[in-house]
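Chemist: What follows is input-v9.cif, mmCIF, C-alpha atoms.
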data_entry
loop_
_atom_site.group_PDB
_atom_site.id
_atom_site.type_symbol
_atom_site.label_atom_id
_atom_site.label_comp_id
_atom_site.auth_asym_id
_atom_site.auth_seq_id
_atom_site.Cartn_x
_atom_site.Cartn_y
_atom_site.Cartn_z
ATOM 1 C CA GLN M 243 22.146 50.482 61.296
ATOM 2 C CA VAL M 244 19.845 52.683 59.252
ATOM 3 C CA GLN M 245 19.980 53.128 55.500
ATOM 4 C CA LEU M 246 18.952 56.530 54.153
ATOM 5 C CA VAL M 247 18.268 57.599 50.572
ATOM 6 C CA GLU M 248 17.613 61.220 49.638
ATOM 7 C CA SER M 249 15.900 62.535 46.529
ATOM 8 C CA GLY M 250 14.361 65.718 45.203
ATOM 9 C CA GLY M 251 17.404 67.847 44.557
ATOM 10 C CA GLY M 252 17.939 69.777 41.347
ATOM 11 C CA LEU M 253 18.420 73.162 39.736
ATOM 12 C CA VAL M 254 16.047 75.976 40.647
ATOM 13 C CA GLN M 255 16.014 79.739 40.220
ATOM 14 C CA ALA M 256 16.335 82.046 43.179
ATOM 15 C CA GLY M 257 12.975 82.464 44.870
ATOM 16 C CA GLY M 258 11.858 79.007 43.839
ATOM 17 C CA SER M 259 11.028 75.928 45.882
ATOM 18 C CA LEU M 260 12.122 72.325 46.203
ATOM 19 C CA ARG M 261 11.048 69.456 48.420
ATOM 20 C CA LEU M 262 13.624 66.923 49.472
ATOM 21 C CA SER M 263 12.714 63.439 50.641
ATOM 22 C CA CYS M 264 14.675 60.931 52.674
ATOM 23 C CA VAL M 265 13.504 57.324 52.860
ATOM 24 C CA ALA M 266 14.777 55.244 55.765
ATOM 25 C CA SER M 267 15.102 51.507 56.202
ATOM 26 C CA GLY M 268 16.696 49.119 58.659
ATOM 27 C CA ARG M 269 15.365 50.241 62.034
ATOM 28 C CA THR M 270 11.958 51.410 63.127
ATOM 29 C CA PHE M 271 11.820 54.928 61.697
ATOM 30 C CA ALA M 272 9.404 56.209 64.328
ATOM 31 C CA ASN M 273 11.898 55.494 67.096
ATOM 32 C CA TYR M 274 14.554 58.102 66.308
ATOM 33 C CA HIS M 275 15.151 61.763 65.674
ATOM 34 C CA MET M 276 16.251 62.927 62.230
ATOM 35 C CA GLY M 277 18.313 65.803 60.918
ATOM 36 C CA TRP M 278 19.211 67.619 57.708
ATOM 37 C CA PHE M 279 22.677 68.960 56.973
ATOM 38 C CA ARG M 280 24.233 70.570 53.940
ATOM 39 C CA GLN M 281 27.706 71.096 52.580
ATOM 40 C CA ALA M 282 28.583 73.710 50.000
ATOM 41 C CA PRO M 283 31.714 73.407 47.850
ATOM 42 C CA GLY M 284 34.783 74.337 49.852
ATOM 43 C CA LYS M 285 32.837 74.727 53.079
ATOM 44 C CA GLU M 286 32.244 72.632 56.153
ATOM 45 C CA ARG M 287 29.058 70.682 56.673
ATOM 46 C CA GLU M 288 26.428 72.741 58.440
ATOM 47 C CA PHE M 289 23.225 71.988 60.276
ATOM 48 C CA VAL M 290 19.950 72.825 58.533
ATOM 49 C CA ALA M 291 17.063 71.325 60.534
ATOM 50 C CA ALA M 292 16.085 68.528 62.879
ATOM 51 C CA ILE M 293 12.868 66.856 63.928
ATOM 52 C CA SER M 294 11.920 64.669 66.869
ATOM 53 C CA TRP M 295 10.839 61.059 66.474
ATOM 54 C CA ASN M 296 7.147 61.986 66.651
ATOM 55 C CA GLY M 297 7.400 65.121 64.517
ATOM 56 C CA ILE M 298 6.308 67.434 67.311
ATOM 57 C CA LEU M 299 9.605 69.196 67.925
ATOM 58 C CA THR M 300 11.612 70.879 65.195
ATOM 59 C CA THR M 301 14.610 73.188 65.154
ATOM 60 C CA TYR M 302 16.242 75.157 62.353
ATOM 61 C CA ALA M 303 19.421 76.987 61.551
ATOM 62 C CA ASP M 304 18.951 80.741 61.608
ATOM 63 C CA SER M 305 19.891 80.920 57.929
ATOM 64 C CA VAL M 306 16.855 78.873 56.882
ATOM 65 C CA LYS M 307 14.324 79.721 59.583
ATOM 66 C CA GLY M 308 11.048 80.875 58.064
ATOM 67 C CA ARG M 309 11.935 79.474 54.634
ATOM 68 C CA PHE M 310 12.502 75.754 55.242
ATOM 69 C CA THR M 311 10.189 73.278 56.948
ATOM 70 C CA THR M 312 11.013 69.730 57.931
ATOM 71 C CA SER M 313 8.378 67.081 58.525
ATOM 72 C CA ARG M 314 8.077 63.317 58.621
ATOM 73 C CA ASP M 315 5.625 60.593 57.776
ATOM 74 C CA ASN M 316 6.409 57.665 60.040
ATOM 75 C CA ALA M 317 3.947 55.419 58.217
ATOM 76 C CA LYS M 318 6.009 55.907 55.051
ATOM 77 C CA ASN M 319 9.437 55.921 56.750
ATOM 78 C CA THR M 320 10.047 59.247 55.069
ATOM 79 C CA LEU M 321 11.541 62.559 56.128
ATOM 80 C CA TYR M 322 10.908 65.764 54.179
ATOM 81 C CA LEU M 323 12.516 69.162 53.783
ATOM 82 C CA GLN M 324 10.353 71.785 52.105
ATOM 83 C CA MET M 325 12.560 74.623 50.899
ATOM 84 C CA ASN M 326 10.944 77.887 49.838
ATOM 85 C CA SER M 327 12.336 81.268 48.816
ATOM 86 C CA LEU M 328 15.592 79.629 47.854
ATOM 87 C CA LYS M 329 18.724 81.737 47.588
ATOM 88 C CA PRO M 330 21.986 81.099 45.707
ATOM 89 C CA GLU M 331 23.706 80.629 49.075
ATOM 90 C CA ASP M 332 21.476 77.584 49.674
ATOM 91 C CA THR M 333 23.397 75.751 46.950
ATOM 92 C CA ALA M 334 24.885 72.624 48.534
ATOM 93 C CA VAL M 335 24.671 68.873 48.872
ATOM 94 C CA TYR M 336 21.866 68.132 51.317
ATOM 95 C CA SER M 337 22.016 65.012 53.460
ATOM 96 C CA CYS M 338 19.628 63.486 55.939
ATOM 97 C CA ALA M 339 20.914 61.833 59.090
ATOM 98 C CA ALA M 340 19.467 59.535 61.738
ATOM 99 C CA ASP M 341 20.063 59.547 65.474
ATOM 100 C CA SER M 342 19.103 55.881 65.688
ATOM 101 C CA TYR M 343 20.996 55.280 68.935
ATOM 102 C CA GLY M 344 19.228 58.088 70.729
ATOM 103 C CA ALA M 345 22.235 60.275 71.401
ATOM 104 C CA ALA M 346 20.040 63.372 71.601
ATOM 105 C CA SER M 347 18.063 61.764 74.417
ATOM 106 C CA TYR M 348 21.300 61.715 76.441
ATOM 107 C CA GLY M 349 22.107 65.350 75.866
ATOM 108 C CA ALA M 350 23.736 65.408 72.465
ATOM 109 C CA TYR M 351 22.924 68.491 70.442
ATOM 110 C CA TRP M 352 20.576 68.167 67.502
ATOM 111 C CA ASN M 353 22.670 70.584 65.460
ATOM 112 C CA SER M 354 25.883 68.587 65.866
ATOM 113 C CA PRO M 355 26.842 66.065 63.170
ATOM 114 C CA THR M 356 28.330 63.804 65.833
ATOM 115 C CA THR M 357 24.835 63.184 67.240
ATOM 116 C CA TYR M 358 23.879 61.222 64.137
ATOM 117 C CA ASP M 359 25.073 57.710 63.394
ATOM 118 C CA SER M 360 23.642 57.111 59.917
ATOM 119 C CA TRP M 361 23.850 59.318 56.828
ATOM 120 C CA GLY M 362 22.428 59.354 53.345
ATOM 121 C CA GLN M 363 24.545 59.894 50.256
ATOM 122 C CA GLY M 364 23.182 63.385 49.702
ATOM 123 C CA THR M 365 21.267 65.161 46.961
ATOM 124 C CA HIS M 366 22.502 68.213 45.075
ATOM 125 C CA VAL M 367 20.615 71.487 45.233
ATOM 126 C CA THR M 368 21.698 74.321 42.953
ATOM 127 C CA VAL M 369 20.042 77.726 43.135
ATOM 128 C CA SER M 370 20.781 80.080 40.262
ATOM 129 C CA SER M 371 20.611 83.849 40.587
#
Let's see the structure in the file written out as structure tokens.

Modeler:
Amino acid sequence: QVQLVESGGGLVQAGGSLRLSCVASGRTFANYHMGWFRQAPGKEREFVAAISWNGILTTYADSVKGRFTTSRDNAKNTLYLQMNSLKPEDTAVYSCAADSYGAASYGAYWNSPTTYDSWGQGTHVTVSS
């Protein structure tokens, strides 16, 4: 099992930026893909971004493409989400998730929550207008 701890959330004005971090422990971080999801109040959890184990491949939800960038530092067991040009509709709890069993390698979709077996507790992001 993988333990994940997010940080970096907070309150920011529209147009501002935040960088979220997710520190992993338990299994070799460099061995598995990672994802970011968010859940706004009263809404279902939605996919934000995902990154391959080596950081070469990334994919994003259309709603954040061009504004958000995910990256990872395997030497530091850390995943990042750089969020720029934030909008009020980006307000949500952001969680990182690990595909530590390699479900994506067997055809599971990166944008599906069911692909991921380990989740962080989430960090709140509030964007004011």

Chemist: Taking all atoms listed in the file into account, which of M:Gln243, M:Thr368, M:Thr333, M:Ser327 comes nearest Gly257 (chain M)?

Modeler: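 Checking each candidate against Gly257 (chain M), we get M:Ser327 as the closest.
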
Chemist: The PyMOL selection byres ((chain M and resi 328) around 9) - which residues does that actually catch in the file I just gave you? List them as a list in words.

Modeler: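 Selected by the PyMOL selection byres ((chain M and resi 328) around 9) in this file: Val254, Gln255, Ala256, Gly257, Gly258, Ser259, Leu260, Arg309, Phe310, Met325, Asn326, Ser327, Lys329, Pro330, Glu331, Asp332, Thr333 and Val369 of chain M.
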
Chemist: Can you measure CA of Phe289 (chain M) to CA of Gly250 (chain M) for me? One decimal in Å is fine.

Modeler: 18.6 Å

Chemist: What does the structure give for the distance between CA of Ser370 (chain M) and CA of Ala334 (chain M), in Å to one decimal?

Modeler: 11.9 Å

Chemist: Report the residues retrieved by the PyMOL selection byres ((chain M and resi 295-308) around 6) from the displayed file, expressed as a list in words.

Modeler: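 Given this file, the PyMOL selection byres ((chain M and resi 295-308) around 6) evaluates to Ala272, Asn273, Tyr274, His275, Val290, Ala291, Ala292, Ile293, Ser294, Arg309 and Phe310 of chain M.
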
Chemist: Can you complete the atoms of region 350-366 of chain M to N, CA, C and O atoms and list them as a CSV table (one decimal), keeping the file's coordinate frame?

Modeler:
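File written: selection-v4.csv
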chain,number,residue,atom,x,y,z
M,350,ALA,N,23.0,65.0,73.7
M,350,ALA,CA,23.7,65.4,72.5
M,350,ALA,C,22.9,66.5,71.7
M,350,ALA,O,21.7,66.5,71.8
M,351,TYR,N,23.6,67.4,71.1
M,351,TYR,CA,22.9,68.5,70.4
M,351,TYR,C,22.4,68.1,69.1
M,351,TYR,O,23.1,67.5,68.3
M,352,TRP,N,21.2,68.5,68.8
M,352,TRP,CA,20.6,68.2,67.5
M,352,TRP,C,21.3,68.8,66.3
M,352,TRP,O,21.3,68.3,65.2
M,353,ASN,N,22.0,69.9,66.6
M,353,ASN,CA,22.7,70.6,65.5
M,353,ASN,C,24.1,70.1,65.3
M,353,ASN,O,24.8,70.7,64.5
M,354,SER,N,24.5,69.1,66.0
M,354,SER,CA,25.9,68.6,65.9
M,354,SER,C,25.9,67.3,65.0
M,354,SER,O,25.2,66.4,65.3
M,355,PRO,N,26.8,67.3,64.0
M,355,PRO,CA,26.8,66.1,63.2
M,355,PRO,C,27.2,64.8,64.0
M,355,PRO,O,26.8,63.7,63.6
M,356,THR,N,27.9,65.0,65.1
M,356,THR,CA,28.3,63.8,65.8
M,356,THR,C,27.2,63.1,66.6
M,356,THR,O,27.3,62.0,67.0
M,357,THR,N,26.0,63.8,66.6
M,357,THR,CA,24.8,63.2,67.2
M,357,THR,C,24.3,62.1,66.4
M,357,THR,O,23.6,61.2,66.9
M,358,TYR,N,24.5,62.1,65.1
M,358,TYR,CA,23.9,61.2,64.1
M,358,TYR,C,24.8,60.1,63.7
M,358,TYR,O,26.0,60.3,63.5
M,359,ASP,N,24.3,58.9,63.7
M,359,ASP,CA,25.1,57.7,63.4
M,359,ASP,C,24.9,57.2,62.0
M,359,ASP,O,25.7,56.3,61.5
M,360,SER,N,23.9,57.6,61.3
M,360,SER,CA,23.6,57.1,59.9
M,360,SER,C,23.4,58.3,59.0
M,360,SER,O,22.7,59.2,59.4
M,361,TRP,N,23.9,58.2,57.8
M,361,TRP,CA,23.8,59.3,56.8
M,361,TRP,C,23.5,58.8,55.4
M,361,TRP,O,23.9,57.7,55.0
M,362,GLY,N,22.7,59.6,54.7
M,362,GLY,CA,22.4,59.4,53.3
M,362,GLY,C,23.6,59.8,52.5
M,362,GLY,O,24.5,60.5,52.9
M,363,GLN,N,23.5,59.5,51.2
M,363,GLN,CA,24.5,59.9,50.3
M,363,GLN,C,24.5,61.4,49.8
M,363,GLN,O,25.4,61.9,49.3
M,364,GLY,N,23.3,62.0,50.0
M,364,GLY,CA,23.2,63.4,49.7
M,364,GLY,C,22.5,63.6,48.4
M,364,GLY,O,22.6,62.8,47.5
M,365,THR,N,21.9,64.8,48.2
M,365,THR,CA,21.3,65.2,47.0
M,365,THR,C,21.7,66.6,46.7
M,365,THR,O,21.7,67.4,47.6
M,366,HIS,N,22.0,66.9,45.4
M,366,HIS,CA,22.5,68.2,45.1
M,366,HIS,C,21.4,69.2,44.9
M,366,HIS,O,20.4,68.9,44.2
